[in-house]
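S.K.: Submitted below is the structure of interest, expressed as structure tokens.
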Amino acid sequence: MSAAEAVSTPSAPSYRSLSLWWDTLPAGLAGPGRGPLGGDTDADVAIVGAGYTGLWTAYYLAKADPTLRIVIVERETAGFGASGRNGGWCSALFPASWDKIARGSSRSEAIRMQRAMFGAVDETGRVAEAEKLDVHWAKGGTLGLARSATQEARARAEIEHARSWGFGADDYRWLSATEVAEHAVSTEVRGGTFTPHTAAIHPARLARGLAHTVERLGVRIFEQTAALALEPGVVRTPHGVVRAERVIRATEGYTPSLPGYRRAVVPVYSLMLATEPLPASFWDVVGWGGHETITDGRHLYIYAMRTEDDRIALGGRGAPYHFNSKVSEEYEQVPRVHAVLERTLKQLFPAAKDARITHRWGGSVAIPRDWFPSVGLDKGRGYAWAGGYVGDGVAASNLAGRTLADLITGADTEIVRLPWVNHLSPKWEPEPLRWLGIRTSLAVFASADRKEQKTGKPARRAEVMQKILPV
Ligand SMILES: Cc1cc2nc3c(=O)[nH]c(=O)nc-3n(C[C@H](O)[C@H](O)[C@H](O)COP(=O)(O)OP(=O)(O)OC[C@H]3O[C@@H](n4cnc5c(N)ncnc54)[C@H](O)[C@@H]3O)c2cc1C
């Protein structure tokens, strides 16, 4: 077969069971799948991975230069990875602290990075609207509940810290328990933090909608096409070779399976569940009318949102890391962790105690050794990449896509000089050190949360671990 034509796949697999989000996609967005690469082809830009990173990059490149020949190769289907499974927080969270960013650049650059993240949230909403992607956009901000004295102390310190960096109450503020309850009613709340810079979205609608949008702009997406190796100017797949001047890696949690990238990031699982749609009587008690995204101050991070169809979707860390950075479907179901998440949901919102849990799923997030996401272009090799977002890639991938487009087209913009551009994270330790370190870290955080809940005192071991290996 001649190059560039995708072959049709009449028996494309169904991905509905991947997450609540996939299960609630309208038929037109859920499928049918696209065919694989049908032989060798040439392009100007070859992108590996059709998650947000690959799709945003293709979007901004195609907008900037409609003559560019852009190809995306995707092992499964667009939105198969974290982009179709996440917690729906389109947030301005950036995993590296301002202090850490400033150490590698300057105070003003760290602030510029944070402001660029605020902007990425709004830019995501702007494009979703402009391209008529019905992503259930609800910009209600984030509430960080303080549910113990220790959590309150940490949360208040966070606000003070934000002030010391020049961020005012419009960006981060402390809310009293009464003010928190005006947003949403939960248990044991002593107050909380609030930032307006987060929107709740339907993540798979964004990923799948973007895929259709970039195709309309002329981008060719080949699914069921795994990149076997990335080489300068070449992406090798079982179905042929894509030759392109620029090759972009956008594979996030799956990166360690590519030759040469085993220790670039570690995949750590985040697991989620969702309730059935809850009745008006529940929302009358709880409020949550602004669709705020909600977390609390525990060490093993949790995140919750109210979906457009009135479910609660809640997720958290705590699933085991697997030796040699292995990623597998079987790791997405961990009954012990899903049970903890269900208990947490019902502790936070006792009025949901009889709610049926309709969906349980999971996916991997990619953690760089220094917790510093990056985006970059190695002009000599024609190789570009973006990722390592930890669990915060929804808005960051938009900024990454715009940045990659500017780097590739040579546009001299403010964003190509942000401190994460061309940042190189150190490699992770070889096994078994990696396994031992990450498992220990996860265990310390879990036991710290139990201890803090029981004694009300901060667990010092967790604070130390937070500095060494904050998975
Ligand atoms: C359960 C969960 C909850 C999360 N919650 C949030 C949240 O609320 N807010 C937030 O900001 N972030 C969250 N994240 C993280 C966020 O979803 C990711 O950072 C983001 O989706 C990353 O997008 P991506 O395109 O880089 O990666 P992905 O969406 O994972 O896309 C990578 C793609 O590459 C493909 N691929 C991999 N290897 C190959 C290969 N060899 N050849 C071809 N294709 C390949 C994969 O199939 C996949 O489709 C969460 C993640 C998970 C798992």
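Please note that chains go A, B, ... in the order of the structure tokens, that every chain numbers its residues from 1, and that ligands are numbered from 1 in the order shown.
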Do a neighbour search on region 380-396 of chain A at 9 Å with only C-alpha atoms, toss out local chain neighbours closer than 4 positions, and write the hits as a PyMOL selection string.

M.R.: chain A and resi 52-54+82-83+86+88-95+117-124+203+230-233+244-253+264-268+270+364-368+371-376+400-401+404+408+471

S.K.: Could you give me, as a ChimeraX atom specification, each residue of region 222-435 of chain A that DSSP assigns to strand (DSSP E) when run on this structure's backbone?

M.R.: /A:222,229-231,234-237,240-249,266-275,293-296,302-306,312-316,357-367,374-378,383-387

S.K.: Compile the contact shell of Gly362 (chain A) as a ChimeraX atom specification: residues with an atom at most 9 Å away, counting only C-alpha atoms, same-chain residues fewer than 6 positions apart removed.

M.R.: /A:18-19,82,85-86,269-273,315,329,331-334

S.K.: Generate the output file for the selected residues, N, CA, C and O atoms, as a tab-separated table (two decimals), in the first residue's frame.

M.R.:
```tsv
chain	number	residue	atom	x	y	z
A	18	LEU	N	-12.58	2.22	30.00
A	18	LEU	CA	-11.36	2.83	30.53
A	18	LEU	C	-11.62	3.76	31.71
A	18	LEU	O	-10.78	3.89	32.60
A	19	SER	N	-12.75	4.44	31.68
A	19	SER	CA	-13.01	5.42	32.75
A	19	SER	C	-14.48	5.87	32.66
A	19	SER	O	-15.15	5.62	31.65
A	82	ALA	N	-3.67	9.01	30.11
A	82	ALA	CA	-4.16	9.82	31.23
A	82	ALA	C	-5.15	10.88	30.77
A	82	ALA	O	-6.07	11.25	31.52
A	85	ARG	N	-8.65	9.84	31.25
A	85	ARG	CA	-8.96	9.15	32.52
A	85	ARG	C	-8.82	10.03	33.75
A	85	ARG	O	-9.00	9.55	34.86
A	86	ASN	N	-8.42	11.28	33.58
A	86	ASN	CA	-7.94	12.02	34.76
A	86	ASN	C	-9.06	12.59	35.62
A	86	ASN	O	-10.24	12.36	35.38
A	269	TYR	N	0.77	5.16	39.69
A	269	TYR	CA	-0.66	5.07	39.41
A	269	TYR	C	-1.48	5.98	40.31
A	269	TYR	O	-1.23	6.11	41.50
A	270	SER	N	-2.46	6.62	39.68
A	270	SER	CA	-3.47	7.37	40.41
A	270	SER	C	-4.78	6.65	40.09
A	270	SER	O	-5.02	6.29	38.94
A	271	LEU	N	-5.58	6.39	41.11
A	271	LEU	CA	-6.81	5.63	40.89
A	271	LEU	C	-8.02	6.51	41.19
A	271	LEU	O	-7.94	7.44	41.99
A	272	MET	N	-9.12	6.19	40.53
A	272	MET	CA	-10.32	7.02	40.68
A	272	MET	C	-11.58	6.18	40.80
A	272	MET	O	-11.60	5.01	40.40
A	273	LEU	N	-12.62	6.80	41.31
A	273	LEU	CA	-13.94	6.19	41.27
A	273	LEU	C	-14.98	7.28	41.07
A	273	LEU	O	-14.69	8.47	41.25
A	315	GLY	N	-10.41	10.82	43.22
A	315	GLY	CA	-9.25	9.98	42.99
A	315	GLY	C	-8.16	10.25	44.00
A	315	GLY	O	-8.26	11.17	44.82
A	329	GLU	N	-2.51	-2.79	32.27
A	329	GLU	CA	-3.94	-2.60	32.54
A	329	GLU	C	-4.32	-3.17	33.91
A	329	GLU	O	-5.17	-2.62	34.61
A	331	TYR	N	-2.88	-3.09	36.64
A	331	TYR	CA	-2.56	-2.24	37.78
A	331	TYR	C	-3.60	-1.13	37.99
A	331	TYR	O	-3.49	-0.34	38.92
A	332	GLU	N	-4.58	-1.07	37.10
A	332	GLU	CA	-5.57	0.02	37.21
A	332	GLU	C	-6.69	-0.32	38.19
A	332	GLU	O	-7.52	0.52	38.50
A	333	GLN	N	-6.73	-1.58	38.62
A	333	GLN	CA	-7.74	-1.99	39.61
A	333	GLN	C	-7.00	-2.50	40.84
A	333	GLN	O	-6.34	-3.53	40.78
A	334	VAL	N	-7.06	-1.72	41.92
A	334	VAL	CA	-6.43	-2.15	43.17
A	334	VAL	C	-7.52	-2.05	44.25
A	334	VAL	O	-7.74	-0.97	44.82
```

S.K.: At what distance in Å, to one decimal, does CA of Ala226 (chain A) lie from atom 46 (C, counted along the ligand's line) of ligand 1?

M.R.: 8.6 Å

S.K.: Under the rule that only C-alpha atoms are counted, which of A:Gly49, A:Ile201, A:His359, A:Thr193 is the nearest residue to Thr255 (chain A)?

M.R.: A:Gly49

S.K.: Excluding same-chain residues fewer than 4 positions from Val286 (chain A), what lies within 12 Å of it counting only C-alpha atoms, as a list of chain:residue names?

M.R.: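 Here the qualifying residues turn out to be A:Val180, A:Ala181, A:Glu182, A:His183, A:Ala184, A:Val185, A:Ser186, A:Thr187, A:Leu278, A:Pro279, A:Ala280, A:Ser281, A:Phe282, A:Gly290, A:His291, A:Arg306, A:Asp310, A:Ile312, A:Leu348, A:Phe349, A:Pro350, A:Ala351, A:Ala352.
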
S.K.: Could you tell me, as a ChimeraX atom specification, which residues of region 67-312 of chain A DSSP assigns to alpha helix (DSSP H) when given the backbone?

M.R.: /A:98-104,107-130,149-164,177-183,203-216,280-286

S.K.: Identify which of the residues A:Trp435, A:Trp21, A:Trp428, A:Tyr303 lies closest to ligand 1, counting only C-alpha atoms and all ligand atoms when measuring atom-to-atom distances.

M.R.: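 Closest to ligand 1, using only C-alpha atoms and all ligand atoms: A:Tyr303.
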